[in-house]
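Asker: Take a look at start00.cif, mmCIF, C-alpha atoms:
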```cif
data_coords
loop_
_atom_site.group_PDB
_atom_site.id
_atom_site.type_symbol
_atom_site.label_atom_id
_atom_site.label_comp_id
_atom_site.auth_asym_id
_atom_site.auth_seq_id
_atom_site.Cartn_x
_atom_site.Cartn_y
_atom_site.Cartn_z
ATOM 1 C CA MET A 1 78.689 116.320 106.046
ATOM 2 C CA LYS A 2 76.182 113.463 106.125
ATOM 3 C CA LYS A 3 78.549 111.280 104.115
ATOM 4 C CA PHE A 4 81.449 112.173 106.405
ATOM 5 C CA LEU A 5 79.376 111.180 109.440
ATOM 6 C CA GLY A 6 78.579 107.958 107.625
ATOM 7 C CA TYR A 7 82.236 106.949 107.727
ATOM 8 C CA ILE A 8 82.165 107.344 111.506
ATOM 9 C CA LEU A 9 78.752 105.876 112.327
ATOM 10 C CA SER A 10 78.443 103.108 109.715
ATOM 11 C CA PRO A 11 80.752 100.638 111.533
ATOM 12 C CA ILE A 12 78.534 100.848 114.615
ATOM 13 C CA ALA A 13 75.340 100.157 112.670
ATOM 14 C CA ILE A 14 76.896 97.437 110.498
ATOM 15 C CA VAL A 15 78.459 95.584 113.455
ATOM 16 C CA ALA A 16 75.158 95.764 115.367
ATOM 17 C CA PHE A 17 73.278 94.429 112.330
ATOM 18 C CA LEU A 18 75.673 91.516 111.780
ATOM 19 C CA LEU A 19 75.848 90.709 115.485
ATOM 20 C CA LEU A 20 72.071 90.437 115.659
ATOM 21 C CA LEU A 21 72.051 88.033 112.705
ATOM 22 C CA CYS A 22 74.600 85.813 114.448
ATOM 23 C CA ILE A 23 72.842 85.917 117.823
ATOM 24 C CA PHE A 24 69.446 85.011 116.378
ATOM 25 C CA GLN A 25 70.698 82.098 114.266
ATOM 26 C CA PRO A 26 70.703 79.647 117.232
ATOM 27 C CA ILE A 27 67.604 81.300 118.693
ATOM 28 C CA GLN A 28 65.710 80.588 115.479
ATOM 29 C CA TRP A 29 66.993 77.019 115.327
ATOM 30 C CA ILE A 30 65.912 76.273 118.896
ATOM 31 C CA SER A 31 62.567 78.009 118.449
ATOM 32 C CA TYR A 32 61.690 76.114 115.292
ATOM 33 C CA ARG A 33 63.056 72.684 116.214
ATOM 34 C CA PHE A 34 61.606 72.502 119.708
ATOM 35 C CA PHE A 35 58.620 74.855 119.758
ATOM 36 C CA GLY A 36 57.393 75.095 116.162
ATOM 37 C CA TYR A 37 56.154 77.789 113.831
ATOM 38 C CA LYS A 38 54.748 80.269 116.357
ATOM 39 C CA ALA A 39 57.918 80.408 118.434
ATOM 40 C CA HIS A 40 60.062 80.684 115.330
ATOM 41 C CA LYS A 41 57.913 83.517 113.981
ATOM 42 C CA SER A 42 58.157 85.378 117.294
ATOM 43 C CA ALA A 43 61.941 85.111 117.146
ATOM 44 C CA VAL A 44 61.985 86.386 113.561
ATOM 45 C CA ASP A 45 59.660 89.274 114.442
ATOM 46 C CA LEU A 46 61.876 90.348 117.332
ATOM 47 C CA LEU A 47 64.997 90.051 115.187
ATOM 48 C CA ASN A 48 63.513 92.366 112.576
ATOM 49 C CA LEU A 49 62.443 94.918 115.175
ATOM 50 C CA LEU A 50 66.044 95.034 116.364
ATOM 51 C CA LEU A 51 67.433 95.116 112.805
ATOM 52 C CA THR A 52 65.140 98.036 112.044
ATOM 53 C CA SER A 53 66.418 99.812 115.146
ATOM 54 C CA THR A 54 70.037 99.685 113.954
ATOM 55 C CA VAL A 55 69.356 102.523 111.504
ATOM 56 C CA TYR A 56 68.999 104.855 114.469
ATOM 57 C CA PHE A 57 72.736 104.509 115.139
ATOM 58 C CA LEU A 58 73.086 106.535 111.934
ATOM 59 C CA GLY A 59 70.573 109.182 112.913
ATOM 60 C CA ASN A 60 68.148 107.735 110.375
ATOM 61 C CA THR A 61 64.483 107.213 111.191
ATOM 62 C CA VAL A 62 61.795 104.712 110.191
ATOM 63 C CA THR A 63 58.174 105.810 110.072
ATOM 64 C CA PHE A 64 55.563 103.156 109.293
ATOM 65 C CA ILE A 65 52.074 104.493 108.574
ATOM 66 C CA ASN A 66 49.117 102.132 108.463
ATOM 67 C CA LYS A 67 45.725 103.799 108.768
ATOM 68 C CA GLN A 68 43.965 100.997 106.890
ATOM 69 C CA ASN A 69 41.650 98.605 108.721
ATOM 70 C CA LEU A 70 43.056 95.430 107.210
ATOM 71 C CA PRO A 71 41.615 91.991 107.997
ATOM 72 C CA VAL A 72 43.699 89.464 109.921
ATOM 73 C CA ASN A 73 41.516 86.508 108.922
ATOM 74 C CA ARG A 74 42.058 86.872 105.190
ATOM 75 C CA PRO A 75 45.142 86.463 102.973
ATOM 76 C CA ILE A 76 46.717 89.702 101.775
ATOM 77 C CA ILE A 77 49.160 90.397 98.963
ATOM 78 C CA PHE A 78 51.196 93.470 99.885
ATOM 79 C CA LEU A 79 52.694 95.118 96.793
ATOM 80 C CA ALA A 80 55.574 97.474 97.549
ATOM 81 C CA ASN A 81 58.112 99.418 95.555
ATOM 82 C CA HIS A 82 61.658 98.258 96.300
ATOM 83 C CA GLN A 83 64.561 100.585 97.043
ATOM 84 C CA SER A 84 67.003 98.599 99.187
ATOM 85 C CA MET A 85 67.385 95.434 101.260
ATOM 86 C CA LEU A 86 66.656 97.686 104.221
ATOM 87 C CA ASP A 87 63.031 97.749 103.056
ATOM 88 C CA ILE A 88 62.441 94.282 104.478
ATOM 89 C CA PRO A 89 62.963 94.392 108.294
ATOM 90 C CA PRO A 90 60.302 97.093 108.876
ATOM 91 C CA LEU A 91 57.868 95.183 106.651
ATOM 92 C CA ILE A 92 58.355 91.986 108.664
ATOM 93 C CA TRP A 93 57.989 93.758 112.002
ATOM 94 C CA TYR A 94 55.097 96.090 111.277
ATOM 95 C CA LEU A 95 53.138 93.524 109.260
ATOM 96 C CA ARG A 96 53.786 90.730 111.762
ATOM 97 C CA LYS A 97 50.136 90.105 112.630
ATOM 98 C CA TYR A 98 49.442 89.365 108.949
ATOM 99 C CA HIS A 99 52.095 86.603 108.772
ATOM 100 C CA ALA A 100 53.679 88.208 105.701
ATOM 101 C CA LYS A 101 55.954 85.910 103.660
ATOM 102 C CA PHE A 102 58.445 86.826 100.950
ATOM 103 C CA ILE A 103 59.516 85.542 97.555
ATOM 104 C CA SER A 104 63.311 85.261 97.548
ATOM 105 C CA LYS A 105 66.127 84.048 95.342
ATOM 106 C CA ILE A 106 67.075 80.500 96.248
ATOM 107 C CA GLU A 107 70.717 81.582 96.538
ATOM 108 C CA LEU A 108 69.819 83.491 99.702
ATOM 109 C CA THR A 109 68.859 80.281 101.530
ATOM 110 C CA LYS A 110 72.541 79.511 102.137
ATOM 111 C CA GLY A 111 75.343 81.262 103.944
ATOM 112 C CA ILE A 112 73.604 84.196 105.645
ATOM 113 C CA PRO A 113 73.074 83.839 109.418
ATOM 114 C CA SER A 114 69.416 84.092 110.474
ATOM 115 C CA ILE A 115 68.222 85.283 107.061
ATOM 116 C CA SER A 116 68.939 81.995 105.260
ATOM 117 C CA TYR A 117 67.347 79.961 108.054
ATOM 118 C CA ASN A 118 64.182 82.036 108.011
ATOM 119 C CA LEU A 119 63.925 81.790 104.237
ATOM 120 C CA LYS A 120 64.160 77.996 104.459
ATOM 121 C CA TYR A 121 61.634 77.486 107.227
ATOM 122 C CA GLY A 122 59.521 80.649 107.392
ATOM 123 C CA GLY A 123 56.942 79.629 104.785
ATOM 124 C CA GLY A 124 57.878 81.879 101.863
ATOM 125 C CA ALA A 125 58.867 80.919 98.316
ATOM 126 C CA ASN A 126 62.508 80.444 97.330
ATOM 127 C CA ILE A 127 62.782 80.534 93.570
ATOM 128 C CA ASN A 128 65.451 79.616 91.066
ATOM 129 C CA ARG A 129 65.322 82.327 88.426
ATOM 130 C CA LYS A 130 67.036 80.005 85.951
ATOM 131 C CA ASP A 131 64.331 77.359 86.356
ATOM 132 C CA SER A 132 60.885 78.697 85.437
ATOM 133 C CA ARG A 133 59.150 75.417 86.326
ATOM 134 C CA GLN A 134 60.631 75.406 89.822
ATOM 135 C CA SER A 135 59.717 79.081 90.302
ATOM 136 C CA LEU A 136 56.137 78.451 89.216
ATOM 137 C CA MET A 137 55.778 75.502 91.590
ATOM 138 C CA GLU A 138 57.252 77.389 94.559
ATOM 139 C CA MET A 139 54.940 80.366 94.112
ATOM 140 C CA SER A 140 51.961 78.071 93.641
ATOM 141 C CA LYS A 141 52.792 76.259 96.887
ATOM 142 C CA MET A 142 53.102 79.596 98.621
ATOM 143 C CA GLY A 143 49.659 80.617 97.362
ATOM 144 C CA ILE A 144 48.210 77.387 98.733
ATOM 145 C CA ARG A 145 49.847 77.967 102.143
ATOM 146 C CA MET A 146 48.420 81.481 102.184
ATOM 147 C CA LYS A 147 44.926 80.177 101.522
ATOM 148 C CA GLU A 148 45.144 77.387 104.084
ATOM 149 C CA ASN A 149 46.643 79.508 106.883
ATOM 150 C CA ASN A 150 45.328 83.017 106.100
ATOM 151 C CA TRP A 151 48.925 84.135 105.629
ATOM 152 C CA SER A 152 50.001 87.086 103.548
ATOM 153 C CA ALA A 153 52.764 87.802 101.060
ATOM 154 C CA VAL A 154 54.986 90.793 100.375
ATOM 155 C CA ILE A 155 55.899 91.157 96.710
ATOM 156 C CA PHE A 156 58.194 93.673 95.048
ATOM 157 C CA PRO A 157 56.637 93.732 91.547
ATOM 158 C CA GLU A 158 59.405 95.871 90.036
ATOM 159 C CA GLY A 159 61.564 92.741 90.019
ATOM 160 C CA THR A 160 64.666 94.644 91.096
ATOM 161 C CA ARG A 161 65.606 97.513 93.367
ATOM 162 C CA SER A 162 65.351 101.138 92.256
ATOM 163 C CA LYS A 163 68.609 102.924 93.015
ATOM 164 C CA THR A 164 67.035 106.366 92.629
ATOM 165 C CA GLY A 165 63.621 105.844 94.218
ATOM 166 C CA GLN A 166 61.852 106.160 90.865
ATOM 167 C CA VAL A 167 59.212 103.433 90.673
ATOM 168 C CA LYS A 168 59.738 100.983 87.814
ATOM 169 C CA THR A 169 56.985 99.235 85.865
ATOM 170 C CA PHE A 170 55.325 96.498 87.933
ATOM 171 C CA GLN A 171 55.435 92.931 86.670
ATOM 172 C CA VAL A 172 52.347 90.755 86.852
ATOM 173 C CA GLY A 173 53.674 87.177 86.821
ATOM 174 C CA GLY A 174 54.148 86.265 90.494
ATOM 175 C CA ILE A 175 50.988 88.054 91.585
ATOM 176 C CA ALA A 176 48.922 86.227 88.970
ATOM 177 C CA ILE A 177 50.244 82.853 90.136
ATOM 178 C CA ILE A 178 49.458 83.539 93.778
ATOM 179 C CA LEU A 179 45.988 84.918 92.994
ATOM 180 C CA LYS A 180 45.224 81.787 91.002
ATOM 181 C CA LYS A 181 45.849 79.632 94.082
ATOM 182 C CA CYS A 182 44.537 82.195 96.570
ATOM 183 C CA PRO A 183 41.790 84.111 94.704
ATOM 184 C CA ASP A 184 40.324 85.732 97.824
ATOM 185 C CA ALA A 185 43.542 87.563 98.702
ATOM 186 C CA LEU A 186 43.220 91.300 99.221
ATOM 187 C CA LEU A 187 45.746 93.481 97.377
ATOM 188 C CA VAL A 188 47.351 96.211 99.473
ATOM 189 C CA PRO A 189 49.924 98.674 98.037
ATOM 190 C CA ILE A 190 52.749 99.991 100.226
ATOM 191 C CA ALA A 191 54.734 103.085 99.262
ATOM 192 C CA ILE A 192 58.346 103.050 100.494
ATOM 193 C CA LYS A 193 59.985 106.463 100.463
ATOM 194 C CA ASP A 194 63.692 107.330 100.624
ATOM 195 C CA SER A 195 65.160 104.037 101.885
ATOM 196 C CA TRP A 196 67.379 104.163 98.781
ATOM 197 C CA LYS A 197 69.049 107.265 100.190
ATOM 198 C CA MET A 198 70.498 105.273 103.070
ATOM 199 C CA ILE A 199 72.653 103.290 100.635
ATOM 200 C CA ARG A 200 73.172 105.984 98.005
ATOM 201 C CA TYR A 201 76.957 105.606 98.520
ATOM 202 C CA GLY A 202 76.817 101.800 98.683
ATOM 203 C CA LEU A 203 77.094 99.695 101.818
ATOM 204 C CA TYR A 204 79.903 101.895 103.110
ATOM 205 C CA PRO A 205 79.536 104.538 104.139
ATOM 206 C CA LEU A 206 75.842 104.335 104.887
ATOM 207 C CA ASN A 207 74.048 107.645 104.666
ATOM 208 C CA THR A 208 73.043 109.420 107.862
ATOM 209 C CA PHE A 209 70.153 111.508 109.209
ATOM 210 C CA THR A 210 67.760 110.268 106.542
ATOM 211 C CA PRO A 211 64.021 110.029 107.345
ATOM 212 C CA MET A 212 62.455 106.970 105.681
ATOM 213 C CA THR A 213 58.754 106.200 105.387
ATOM 214 C CA TRP A 214 56.647 103.099 104.740
ATOM 215 C CA LYS A 215 52.978 103.912 104.059
ATOM 216 C CA VAL A 216 50.184 101.365 103.671
ATOM 217 C CA LEU A 217 47.710 102.552 101.034
ATOM 218 C CA GLU A 218 44.055 101.834 100.378
ATOM 219 C CA PRO A 219 43.336 98.137 99.648
ATOM 220 C CA ILE A 220 42.242 96.864 96.249
ATOM 221 C CA GLU A 221 39.551 94.194 96.019
ATOM 222 C CA PRO A 222 40.470 91.739 93.255
ATOM 223 C CA GLY A 223 36.961 90.628 92.293
ATOM 224 C CA LYS A 224 36.895 89.601 88.648
ATOM 225 C CA THR A 225 39.157 92.428 87.472
ATOM 226 C CA PRO A 226 42.039 91.227 85.254
ATOM 227 C CA VAL A 227 45.265 90.957 87.241
ATOM 228 C CA GLU A 228 47.015 93.345 84.848
ATOM 229 C CA GLU A 229 44.574 96.099 85.793
ATOM 230 C CA LEU A 230 44.887 95.342 89.508
ATOM 231 C CA VAL A 231 48.673 95.559 89.413
ATOM 232 C CA ALA A 232 48.571 98.764 87.336
ATOM 233 C CA GLU A 233 46.204 100.304 89.885
ATOM 234 C CA ALA A 234 48.568 99.385 92.734
ATOM 235 C CA GLU A 235 51.528 100.834 90.820
ATOM 236 C CA ASN A 236 49.667 104.097 90.203
ATOM 237 C CA LYS A 237 48.629 104.395 93.860
ATOM 238 C CA ILE A 238 52.250 104.012 94.961
ATOM 239 C CA LYS A 239 53.519 106.520 92.410
ATOM 240 C CA GLU A 240 50.863 109.005 93.480
ATOM 241 C CA ALA A 241 51.777 108.564 97.162
ATOM 242 C CA LEU A 242 55.436 109.221 96.308
ATOM 243 C CA GLY A 243 54.659 112.284 94.227
ATOM 244 C CA GLN A 244 55.587 110.567 90.969
ATOM 245 C CA THR A 245 53.397 110.899 87.894
ATOM 246 C CA PRO A 246 51.346 107.702 87.374
#
```
Transcribe the structure of this file into structure tokens.
Answerer:
Amino acid sequence: MKKFLGYILSPIAIVAFLLLLCIFQPIQWISYRFFGYKAHKSAVDLLNLLLTSTVYFLGNTVTFINKQNLPVNRPIIFLANHQSMLDIPPLIWYLRKYHAKFISKIELTKGIPSISYNLKYGGGANINRKDSRQSLMEMSKMGIRMKENNWSAVIFPEGTRSKTGQVKTFQVGGIAIILKKCPDALLVPIAIKDSWKMIRYGLYPLNTFTPMTWKVLEPIEPGKTPVEELVAEAENKIKEALGQTP
């Protein structure tokens, strides 16, 4: 029944999503070119609130839980499991006061209204996976920007999306690079639950009446602990929050 409803409701949600991307492309351009970073960020934040809201056309819900007292005057590395591209809009909106930036494939900086523009000018890192030197430099620059501006980063350490919701082994590389340039960054795990179910049939039809949850977990102080241990601790916290055996 939910899949059948998806055939009916998906066009509404998809058209709304694409329309928002097209509308906010010129808004972002004007905001950035004439008013600078703050105006551009406000436009991006609003866009992602509206993108998040499109899931409600499908009867789906987004619940973001953050009971942690996180600092706003200190860089943060948010480590989240990754289930779908729909993970990102709620993270941008609900973490907006932390100025969270993303590491993205450089291919995404072209051809996608609003998304490509934000990736180019939003302050994140756009990496070429075929060029390790370029990737290293981009992530290093991002770490420096985080330190200088007290910005944060959202990293998906699995390296790829989980199509079943089962958390994959976290990779250390990108986190180690950023911590080297921004050693005072606080590590904060985020457990994303059931966003994969929304696209269990692919992009069409989208699944319906699916509750999805984003939960911010207890922070991890880096100190002098080896980065491998820090990342493993974050992975275990997320698995535990999702009811998966660490």
Asker: Taking the file as shown, find all residues satisfying the PyMOL selection byres ((chain A and resi 20-23) around 8) and write them as an NGL selection string.
Answerer: :A and (16-19 or 24-27 or 47 or 50-51 or 113-115)
Asker: So how far away is atom CA of Arg161 of chain A from atom CA of Met85 of chain A, in Å?
Answerer: 8.4 Å
Asker: Just say which residues the PyMOL selection byres ((chain A and resi 176) around 12) picks in this file, as a PyMOL selection string.
Answerer: chain A and resi 77+136+139-140+143+155+157+171-175+177-183+185+187+222+225-231
Asker: Closest to Phe57 of chain A among A:Ser42, A:Ser104, A:Ser10, A:Thr245, using all atoms listed in the file?
Answerer: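 Ranked by minimum distance to Phe57 of chain A, first place goes to A:Ser10.
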Asker: Which neighbours of Lys97 of chain A fall inside 12 Å, counting all atoms listed in the file, when residues of the same chain fewer than 4 positions from it are skipped, and could you give them as a short mmCIF file (atom, residue, chain, number, x, y, z; two decimals) with C-alpha atoms, in the frame of the given file?
Answerer:
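Output file part36.cif follows:
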```cif
data_model
loop_
_atom_site.label_atom_id
_atom_site.label_comp_id
_atom_site.auth_asym_id
_atom_site.auth_seq_id
_atom_site.Cartn_x
_atom_site.Cartn_y
_atom_site.Cartn_z
CA LYS A 38 54.75 80.27 116.36
CA LYS A 41 57.91 83.52 113.98
CA SER A 42 58.16 85.38 117.29
CA ASP A 45 59.66 89.27 114.44
CA LEU A 70 43.06 95.43 107.21
CA PRO A 71 41.62 91.99 108.00
CA VAL A 72 43.70 89.46 109.92
CA ASN A 73 41.52 86.51 108.92
CA ARG A 74 42.06 86.87 105.19
CA PRO A 75 45.14 86.46 102.97
CA ILE A 76 46.72 89.70 101.78
CA LEU A 91 57.87 95.18 106.65
CA ILE A 92 58.36 91.99 108.66
CA TRP A 93 57.99 93.76 112.00
CA LYS A 101 55.95 85.91 103.66
CA ASN A 150 45.33 83.02 106.10
CA TRP A 151 48.92 84.14 105.63
CA SER A 152 50.00 87.09 103.55
#
```
Asker: Just say which residues the PyMOL selection byres ((chain A and resi 243) around 12) picks in this file, as a VMD selection string.
Answerer: chain A and resid 165 to 167 191 to 193 236 to 242 244 to 246
Asker: I'd like the interatomic distance between atom CA of Gly6 of chain A and atom CA of Tyr201 of chain A, to a tenth of an Å.
Answerer: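 Here the two named atoms are 9.5 Å from each other.
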Asker: A:Leu86, A:Ile30, A:Val62, A:Met137: which is nearest Leu203 of chain A, counting all atoms listed in the file?
Answerer: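 Closest to Leu203 of chain A of all the choices is A:Leu86.
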Asker: Mind giving me the straight-line distance from atom CA of Lys215 of chain A to atom CA of Gln68 of chain A in Å, one decimal?
Answerer: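 So the two atoms, atom CA of Lys215 of chain A and atom CA of Gln68 of chain A, lie 9.9 Å apart.
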Asker: In terms of the shortest atom-to-atom distance over only C-alpha atoms, which of A:Ile88, A:Met212, A:Ala234, A:Ile12 is closest to Thr54 of chain A?
Answerer: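 Counting only C-alpha atoms, the residue closest to Thr54 of chain A is A:Ile12.
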Asker: I need the residue nearest Thr52 of chain A from this list: A:Ser195, A:Ala39, A:Arg133, A:Tyr98. Use only C-alpha atoms for the distance.
Answerer: A:Ser195
Asker: Quick one: what's the axis-aligned box for segment 142-156 of chain A, all listed atoms, 4 Å on every side, centre and edges in Å to one decimal, as AutoDock Vina command-line options?
Answerer:
```
--center_x 51.6 --center_y 85.5 --center_z 101.0 --size_x 21.3 --size_y 24.3 --size_z 19.8
```
Asker: Hey, what's within 12 Å of Leu119 of chain A if we count only C-alpha atoms and toss same-chain stuff fewer than 6 positions away? As a PyMOL selection string, please?
Answerer: chain A and resi 28+40-41+44+101-113+125-127
Asker: Could you tell me which of A:Thr164, A:Asn81, A:Thr63, A:Ser31 comes closest to Ile190 of chain A if we count all atoms listed in the file?
Answerer: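 Ranking A:Thr164, A:Asn81, A:Thr63, A:Ser31 by distance to Ile190 of chain A, first place goes to A:Asn81.
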Asker: Find the residue from A:Gly159, A:Gly36, A:Gly124, A:Pro11 that sits nearest to Leu58 of chain A; use only C-alpha atoms when measuring.
Answerer: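 The answer is A:Pro11, which sits nearest to Leu58 of chain A.
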Asker: Tell me, as a PDB file with C-alpha atoms, in the coordinates of the input, which residues lie within 9 Å of Phe4 of chain A, counting only C-alpha atoms; anything in the same chain fewer than 6 positions away does not count.
Answerer:
```pdb
ATOM      1  CA  PRO A 205      79.536 104.538 104.139  1.00  0.00           C
ATOM      2  CA  ASN A 207      74.048 107.645 104.666  1.00  0.00           C
ATOM      3  CA  THR A 208      73.043 109.420 107.862  1.00  0.00           C
TER       4      THR A 208
END
```
